[in-house]
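Next up, start32.pdb (PDB, C-alpha atoms):
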```pdb
ATOM      1  CA  MET P   1      36.284 100.685 122.707
ATOM      2  CA  ASP P   2      36.018  96.953 123.234
ATOM      3  CA  ARG P   3      33.978  94.589 121.057
ATOM      4  CA  GLU P   4      31.135  94.237 123.586
ATOM      5  CA  ARG P   5      30.613  97.999 123.853
ATOM      6  CA  LEU P   6      30.752  98.422 120.084
ATOM      7  CA  LEU P   7      28.130  95.685 119.601
ATOM      8  CA  ASP P   8      25.921  97.256 122.287
ATOM      9  CA  LEU P   9      26.115 100.614 120.507
ATOM     10  CA  LEU P  10      25.338  99.150 117.068
ATOM     11  CA  GLN P  11      22.414  97.123 118.424
ATOM     12  CA  SER P  12      21.087 100.238 120.157
ATOM     13  CA  VAL P  13      21.196 102.135 116.850
ATOM     14  CA  ALA P  14      19.511  99.222 115.046
ATOM     15  CA  ALA P  15      16.745  99.144 117.659
ATOM     16  CA  GLY P  16      16.204 102.891 117.338
ATOM     17  CA  ASP P  17      17.223 103.606 120.929
ATOM     18  CA  THR P  18      20.336 105.623 120.013
ATOM     19  CA  PRO P  19      20.261 108.288 117.284
ATOM     20  CA  ALA P  20      22.746 107.726 114.470
ATOM     21  CA  ALA P  21      24.283 111.153 115.072
ATOM     22  CA  GLU P  22      25.004 110.298 118.695
ATOM     23  CA  ALA P  23      26.570 106.982 117.672
ATOM     24  CA  ALA P  24      28.711 108.767 115.089
ATOM     25  CA  HIS P  25      29.892 111.181 117.767
ATOM     26  CA  ARG P  26      30.823 108.304 120.080
ATOM     27  CA  LEU P  27      32.746 106.626 117.258
ATOM     28  CA  GLU P  28      34.570 109.799 116.260
ATOM     29  CA  HIS P  29      37.733 108.700 118.064
ATOM     30  CA  LEU P  30      37.423 104.971 117.483
ATOM     31  CA  THR P  31      41.038 104.710 116.353
ATOM     32  CA  VAL P  32      43.366 107.439 117.686
ATOM     33  CA  GLU P  33      42.674 110.603 119.647
ATOM     34  CA  ASP P  34      45.377 113.283 119.671
ATOM     35  CA  ILE P  35      45.292 115.310 122.883
ATOM     36  CA  GLY P  36      48.564 117.134 122.299
ATOM     37  CA  PHE P  37      50.891 115.308 124.671
ATOM     38  CA  ALA P  38      49.495 111.849 123.872
ATOM     39  CA  ASN P  39      47.921 109.933 121.015
ATOM     40  CA  ILE P  40      45.443 107.609 122.687
ATOM     41  CA  ASP P  41      44.956 104.290 120.902
ATOM     42  CA  HIS P  42      41.234 103.722 121.460
ATOM     43  CA  HIS P  43      41.233 100.945 118.859
ATOM     44  CA  ARG P  44      43.532  98.696 120.905
ATOM     45  CA  SER P  45      40.664  96.999 122.736
ATOM     46  CA  LEU P  46      39.211  95.825 119.424
ATOM     47  CA  ARG P  47      42.593  94.655 118.104
ATOM     48  CA  LYS P  48      43.981  93.054 121.229
ATOM     49  CA  GLY P  49      41.119  92.551 123.655
ATOM     50  CA  PHE P  50      42.472  94.993 126.253
ATOM     51  CA  PRO P  51      42.848  98.784 126.197
ATOM     52  CA  GLU P  52      46.057 100.755 126.038
ATOM     53  CA  VAL P  53      47.789 100.850 129.433
ATOM     54  CA  ILE P  54      49.114 104.146 130.773
ATOM     55  CA  PHE P  55      52.781 104.046 131.802
ATOM     56  CA  GLY P  56      52.760 106.557 134.654
ATOM     57  CA  GLU P  57      56.494 106.965 135.161
ATOM     58  CA  GLY P  58      57.618 110.232 133.563
ATOM     59  CA  LYS P  59      54.074 111.541 133.160
ATOM     60  CA  SER P  60      52.585 114.221 135.373
ATOM     61  CA  ALA P  61      49.478 113.582 137.434
ATOM     62  CA  ALA P  62      47.591 116.017 135.206
ATOM     63  CA  GLN P  63      48.610 114.090 132.090
ATOM     64  CA  ILE P  64      47.569 110.751 133.572
ATOM     65  CA  ALA P  65      44.228 112.183 134.716
ATOM     66  CA  ALA P  66      43.582 113.677 131.273
ATOM     67  CA  ILE P  67      44.302 110.391 129.478
ATOM     68  CA  ILE P  68      41.994 108.532 131.875
ATOM     69  CA  GLN P  69      39.278 111.139 131.254
ATOM     70  CA  ARG P  70      39.393 110.471 127.497
ATOM     71  CA  MET P  71      39.540 106.680 127.894
ATOM     72  CA  ARG P  72      36.841 106.117 130.477
ATOM     73  CA  PRO P  73      33.795 106.672 128.183
ATOM     74  CA  GLN P  74      35.030 103.906 125.880
ATOM     75  CA  GLU P  75      36.549 101.266 128.169
ATOM     76  CA  ARG P  76      35.391  98.913 130.914
ATOM     77  CA  VAL P  77      38.744  99.242 132.636
ATOM     78  CA  VAL P  78      41.607 101.735 132.529
ATOM     79  CA  LEU P  79      44.993 100.771 133.945
ATOM     80  CA  ALA P  80      47.949 102.996 134.871
ATOM     81  CA  THR P  81      51.269 101.512 135.996
ATOM     82  CA  ARG P  82      54.265 102.901 137.891
ATOM     83  CA  VAL P  83      52.328 105.666 139.626
ATOM     84  CA  GLU P  84      53.924 106.942 142.819
ATOM     85  CA  PRO P  85      51.656 107.600 145.850
ATOM     86  CA  GLN P  86      51.722 111.407 145.746
ATOM     87  CA  LYS P  87      50.974 111.431 142.029
ATOM     88  CA  ALA P  88      48.229 108.863 142.565
ATOM     89  CA  GLN P  89      46.473 111.055 145.100
ATOM     90  CA  GLU P  90      46.316 113.882 142.566
ATOM     91  CA  VAL P  91      44.866 111.560 139.943
ATOM     92  CA  LEU P  92      42.317 110.203 142.451
ATOM     93  CA  ALA P  93      41.152 113.736 143.141
ATOM     94  CA  ALA P  94      40.087 113.909 139.492
ATOM     95  CA  HIS P  95      38.845 110.295 139.368
ATOM     96  CA  PRO P  96      37.673 109.330 142.873
ATOM     97  CA  ASP P  97      36.066 106.120 141.599
ATOM     98  CA  ALA P  98      39.474 104.705 140.639
ATOM     99  CA  ALA P  99      41.389 102.430 143.013
ATOM    100  CA  TYR P 100      45.064 102.770 143.903
ATOM    101  CA  HIS P 101      47.197  99.747 144.767
ATOM    102  CA  PRO P 102      50.225 101.213 146.575
ATOM    103  CA  GLU P 103      52.414  98.092 146.638
ATOM    104  CA  ALA P 104      51.950  97.583 142.923
ATOM    105  CA  ARG P 105      52.006 101.345 142.242
ATOM    106  CA  MET P 106      48.994 100.937 139.986
ATOM    107  CA  LEU P 107      45.740 102.786 139.394
ATOM    108  CA  VAL P 108      42.719 100.812 138.207
ATOM    109  CA  LEU P 109      39.465 102.392 137.049
ATOM    110  CA  GLU P 110      36.552 100.012 136.398
ATOM    111  CA  THR P 111      33.715 101.711 134.566
ATOM    112  CA  ALA P 112      31.694  98.476 134.357
ATOM    113  CA  PRO P 113      31.879  95.036 135.976
ATOM    114  CA  LEU P 114      34.725  93.003 134.526
ATOM    115  CA  PRO P 115      33.709  89.679 132.941
ATOM    116  CA  ASP P 116      35.467  86.519 134.053
ATOM    117  CA  ARG P 117      37.749  85.660 131.143
ATOM    118  CA  GLY P 118      39.904  82.997 132.801
ATOM    119  CA  ARG P 119      39.938  79.258 132.171
ATOM    120  CA  GLY P 120      41.497  78.659 135.600
ATOM    121  CA  THR P 121      43.549  80.355 138.302
ATOM    122  CA  ILE P 122      46.744  82.320 137.797
ATOM    123  CA  LEU P 123      49.116  81.844 140.725
ATOM    124  CA  VAL P 124      51.686  84.548 141.435
ATOM    125  CA  LEU P 125      54.608  83.578 143.676
ATOM    126  CA  SER P 126      57.408  85.725 145.058
ATOM    127  CA  ALA P 127      60.749  84.393 146.242
ATOM    128  CA  GLY P 128      61.137  87.046 148.919
ATOM    129  CA  THR P 129      59.127  89.716 150.693
ATOM    130  CA  SER P 130      61.174  92.357 148.878
ATOM    131  CA  ASP P 131      59.908  90.972 145.577
ATOM    132  CA  ILE P 132      56.248  91.523 146.511
ATOM    133  CA  PRO P 133      55.816  94.914 144.730
ATOM    134  CA  VAL P 134      56.686  93.338 141.377
ATOM    135  CA  ALA P 135      54.521  90.310 142.162
ATOM    136  CA  GLN P 136      51.603  92.564 143.052
ATOM    137  CA  GLU P 137      52.014  94.440 139.777
ATOM    138  CA  ALA P 138      51.547  91.122 137.978
ATOM    139  CA  ALA P 139      48.554  90.169 140.129
ATOM    140  CA  VAL P 140      46.735  93.494 139.752
ATOM    141  CA  THR P 141      47.298  93.459 135.989
ATOM    142  CA  ALA P 142      45.904  89.953 135.553
ATOM    143  CA  ARG P 143      42.861  90.736 137.724
ATOM    144  CA  ALA P 144      42.151  93.858 135.660
ATOM    145  CA  MET P 145      42.105  91.583 132.616
ATOM    146  CA  GLY P 146      39.317  89.482 134.098
ATOM    147  CA  GLN P 147      41.424  86.706 135.619
ATOM    148  CA  ARG P 148      41.155  84.853 138.905
ATOM    149  CA  VAL P 149      44.456  85.376 140.698
ATOM    150  CA  GLU P 150      45.960  83.959 143.877
ATOM    151  CA  THR P 151      49.247  84.962 145.483
ATOM    152  CA  VAL P 152      51.906  83.220 147.568
ATOM    153  CA  PHE P 153      54.742  85.300 148.955
ATOM    154  CA  ASP P 154      58.191  84.639 150.445
ATOM    155  CA  VAL P 155      58.744  81.040 149.350
ATOM    156  CA  GLY P 156      62.250  81.317 147.899
ATOM    157  CA  VAL P 157      64.898  78.612 147.641
ATOM    158  CA  ALA P 158      66.689  79.680 150.846
ATOM    159  CA  GLY P 159      63.825  77.954 152.681
ATOM    160  CA  ILE P 160      62.486  75.630 150.021
ATOM    161  CA  HIS P 161      60.239  73.769 152.474
ATOM    162  CA  ARG P 162      58.000  76.862 152.531
ATOM    163  CA  LEU P 163      57.217  76.345 148.852
ATOM    164  CA  PHE P 164      56.030  72.777 149.310
ATOM    165  CA  GLN P 165      53.390  73.879 151.823
ATOM    166  CA  HIS P 166      51.571  75.288 148.775
ATOM    167  CA  ARG P 167      52.064  72.252 146.527
ATOM    168  CA  GLU P 168      48.348  71.742 145.817
ATOM    169  CA  ARG P 169      47.815  75.366 144.751
ATOM    170  CA  ILE P 170      50.911  75.206 142.567
ATOM    171  CA  GLU P 171      49.825  72.009 140.848
ATOM    172  CA  THR P 172      46.257  73.182 140.169
ATOM    173  CA  ALA P 173      47.097  76.630 138.796
ATOM    174  CA  SER P 174      46.599  77.153 135.053
ATOM    175  CA  VAL P 175      49.490  79.582 134.689
ATOM    176  CA  LEU P 176      52.173  80.557 137.199
ATOM    177  CA  VAL P 177      54.073  83.822 137.510
ATOM    178  CA  VAL P 178      57.229  83.423 139.582
ATOM    179  CA  VAL P 179      59.040  86.555 140.768
ATOM    180  CA  ALA P 180      62.580  86.372 142.150
ATOM    181  CA  GLY P 181      65.688  88.473 142.643
ATOM    182  CA  MET P 182      69.043  87.396 144.115
ATOM    183  CA  GLU P 183      70.141  84.272 142.171
ATOM    184  CA  GLY P 184      66.740  83.914 140.440
ATOM    185  CA  ALA P 185      66.412  80.175 141.033
ATOM    186  CA  LEU P 186      62.763  79.873 142.076
ATOM    187  CA  PRO P 187      61.144  79.751 138.592
ATOM    188  CA  SER P 188      63.207  76.686 137.621
ATOM    189  CA  VAL P 189      62.199  74.898 140.820
ATOM    190  CA  VAL P 190      58.506  75.685 140.342
ATOM    191  CA  ALA P 191      58.571  74.780 136.655
ATOM    192  CA  GLY P 192      60.040  71.397 137.538
ATOM    193  CA  LEU P 193      56.933  70.616 139.594
ATOM    194  CA  VAL P 194      54.209  71.410 137.050
ATOM    195  CA  SER P 195      53.041  70.825 133.487
ATOM    196  CA  ARG P 196      51.890  74.425 133.158
ATOM    197  CA  PRO P 197      53.486  77.552 131.661
ATOM    198  CA  VAL P 198      55.704  79.451 134.107
ATOM    199  CA  ILE P 199      56.441  83.122 133.490
ATOM    200  CA  ALA P 200      59.636  84.125 135.279
ATOM    201  CA  VAL P 201      60.161  87.700 136.444
ATOM    202  CA  PRO P 202      63.649  88.757 137.557
ATOM    203  CA  THR P 203      63.737  91.630 140.030
ATOM    204  CA  SER P 204      66.429  94.174 140.817
ATOM    205  CA  ILE P 205      66.555  92.949 144.437
ATOM    206  CA  GLY P 206      69.958  91.655 145.547
ATOM    207  CA  TYR P 207      73.489  92.451 146.640
ATOM    208  CA  GLY P 208      76.586  93.388 144.636
ATOM    209  CA  VAL P 209      76.919  91.069 141.668
ATOM    210  CA  SER P 210      73.176  90.721 141.318
ATOM    211  CA  LEU P 211      73.812  93.751 139.061
ATOM    212  CA  GLY P 212      70.350  95.209 139.443
ATOM    213  CA  GLY P 213      68.622  92.002 138.388
ATOM    214  CA  ILE P 214      70.882  90.957 135.523
ATOM    215  CA  THR P 215      72.151  87.898 137.427
ATOM    216  CA  ALA P 216      68.563  86.737 138.047
ATOM    217  CA  LEU P 217      67.654  87.468 134.428
ATOM    218  CA  PHE P 218      70.539  85.375 133.093
ATOM    219  CA  ALA P 219      69.710  82.533 135.481
ATOM    220  CA  MET P 220      66.097  82.455 134.309
ATOM    221  CA  LEU P 221      67.097  82.622 130.654
ATOM    222  CA  ASN P 222      69.374  79.637 131.275
ATOM    223  CA  SER P 223      66.716  77.585 133.067
ATOM    224  CA  CYS P 224      66.826  73.871 132.288
ATOM    225  CA  SER P 225      63.044  73.695 132.795
ATOM    226  CA  SER P 226      61.521  73.832 129.334
ATOM    227  CA  ASN P 227      58.228  75.417 130.430
ATOM    228  CA  VAL P 228      59.800  78.722 131.553
ATOM    229  CA  ALA P 229      59.497  82.017 129.651
ATOM    230  CA  VAL P 230      61.140  85.200 130.939
ATOM    231  CA  VAL P 231      60.123  88.868 130.928
ATOM    232  CA  ASN P 232      62.254  91.915 131.614
ATOM    233  CA  ILE P 233      63.666  92.922 135.001
ATOM    234  CA  ASP P 234      60.929  94.172 137.382
ATOM    235  CA  ASN P 235      58.311  93.795 134.630
ATOM    236  CA  GLY P 236      55.438  92.493 136.718
ATOM    237  CA  PHE P 237      52.994  94.181 134.366
ATOM    238  CA  GLY P 238      54.302  92.276 131.358
ATOM    239  CA  ALA P 239      54.174  88.975 133.236
ATOM    240  CA  GLY P 240      50.606  89.549 134.434
ATOM    241  CA  TYR P 241      49.501  90.585 130.952
ATOM    242  CA  MET P 242      51.069  87.529 129.307
ATOM    243  CA  ALA P 243      49.645  85.192 131.949
ATOM    244  CA  ALA P 244      46.170  86.630 131.316
ATOM    245  CA  MET P 245      46.560  86.197 127.549
ATOM    246  CA  ILE P 246      47.617  82.559 127.983
ATOM    247  CA  ASN P 247      44.769  81.873 130.406
ATOM    248  CA  ARG P 248      42.108  83.758 128.492
ATOM    249  CA  VAL P 249      38.945  82.044 127.322
TER
END
```

What's the structure tokens form of this structure?
Amino acid sequence: MDRERLLDLLQSVAAGDTPAAEAAHRLEHLTVEDIGFANIDHHRSLRKGFPEVIFGEGKSAAQIAAIIQRMRPQERVVLATRVEPQKAQEVLAAHPDAAYHPEARMLVLETAPLPDRGRGTILVLSAGTSDIPVAQEAAVTARAMGQRVETVFDVGVAGIHRLFQHRERIETASVLVVVAGMEGALPSVVAGLVSRPVIAVPTSIGYGVSLGGITALFAMLNSCSSNVAVVNIDNGFGAGYMAAMINRV
């Protein structure tokens, strides 16, 4: 339960609109709810400002749907990552008001309008078209956290002139998420153009000695641009989350 919903409930009790017994029932699982295969951290919204996120990989559709069912009465938004299309369709059958983003492999359920929590725009860039799924994971995550997000795709260093067509958007963004595989050079280039934080995301896209993204990861960790921070390989979710936290009002 987030702070706004908790305040609404307490004010409703104080005004006499909600019986104390009903409020007590709604607060019964304010911290942790054990549903057998998962311990849902309902308190995370109060501690961190955003609810627990469901990692869909390795979970069955029934498990994901059950966790969403327990979270939805308490949260404005419920997010599930790494959900494959077939599994997503099963979850949507139980929660038809959720939205599935196939490129990002993410499910988003909004139970109430999301407030605008951003102080500016987060810009997500991908080096190549093959990096778009990871970039979209970052974009969907940041939007679910109440951020204004724009995207620019396929502007890698092999055709660097493509990047400069978006110079104004790059320079006016509050935070930038830069996603790249292969040699992982794009975040350093972008960071050299701006006085804003750049979150670099290495992807597992590449040939041979790219080593499943390790080459890109090492390149980003060794960036000579001092405004670059790096998340794990293919971790678009982590990059979008961190960008939203940096940009949050």

Exercise. For the file shown, what are the residues hit by the PyMOL selection byres ((chain P and resi 60-77) around 10), laid out as a PyMOL selection string?
Worked result: chain P and resi 1-2+4-6+26-27+29-30+33+35+37-43+45+50-59+78-80+83-84+86-95+98+108-115+144-146

Exercise. Please, which residues are within 10 Å of (36.4, 86.0, 132.2) by the file's coordinates, counting all atoms listed in the file, and could they come as an NGL selection string?
Worked result: :P and (114-120 or 143 or 145-148 or 244 or 247-249)

Just say which residues the PyMOL selection byres ((chain P and resi 201) around 8) picks in this file, as a PDB file with C-alpha atoms, in the frame of the given file.
```
ATOM      1  CA  VAL P 177      54.073  83.822 137.510  1.00  0.00           C
ATOM      2  CA  VAL P 178      57.229  83.423 139.582  1.00  0.00           C
ATOM      3  CA  VAL P 179      59.040  86.555 140.768  1.00  0.00           C
ATOM      4  CA  ALA P 180      62.580  86.372 142.150  1.00  0.00           C
ATOM      5  CA  ILE P 199      56.441  83.122 133.490  1.00  0.00           C
ATOM      6  CA  ALA P 200      59.636  84.125 135.279  1.00  0.00           C
ATOM      7  CA  PRO P 202      63.649  88.757 137.557  1.00  0.00           C
ATOM      8  CA  THR P 203      63.737  91.630 140.030  1.00  0.00           C
ATOM      9  CA  LEU P 217      67.654  87.468 134.428  1.00  0.00           C
ATOM     10  CA  VAL P 230      61.140  85.200 130.939  1.00  0.00           C
ATOM     11  CA  VAL P 231      60.123  88.868 130.928  1.00  0.00           C
ATOM     12  CA  ASN P 232      62.254  91.915 131.614  1.00  0.00           C
ATOM     13  CA  ILE P 233      63.666  92.922 135.001  1.00  0.00           C
ATOM     14  CA  ASP P 234      60.929  94.172 137.382  1.00  0.00           C
ATOM     15  CA  ASN P 235      58.311  93.795 134.630  1.00  0.00           C
ATOM     16  CA  GLY P 236      55.438  92.493 136.718  1.00  0.00           C
ATOM     17  CA  ALA P 239      54.174  88.975 133.236  1.00  0.00           C
TER      18      ALA P 239
END
```

Exercise. Counting only C-alpha atoms, which of P:Thr121, P:Ser223, P:Val149, P:Met245 gets nearest to P:Thr172?
Worked result: P:Thr121

Problem set entry | Between atom CA of P:Ser188 and atom CA of P:Ala219, distance in Å (one decimal) | 9.0 Å
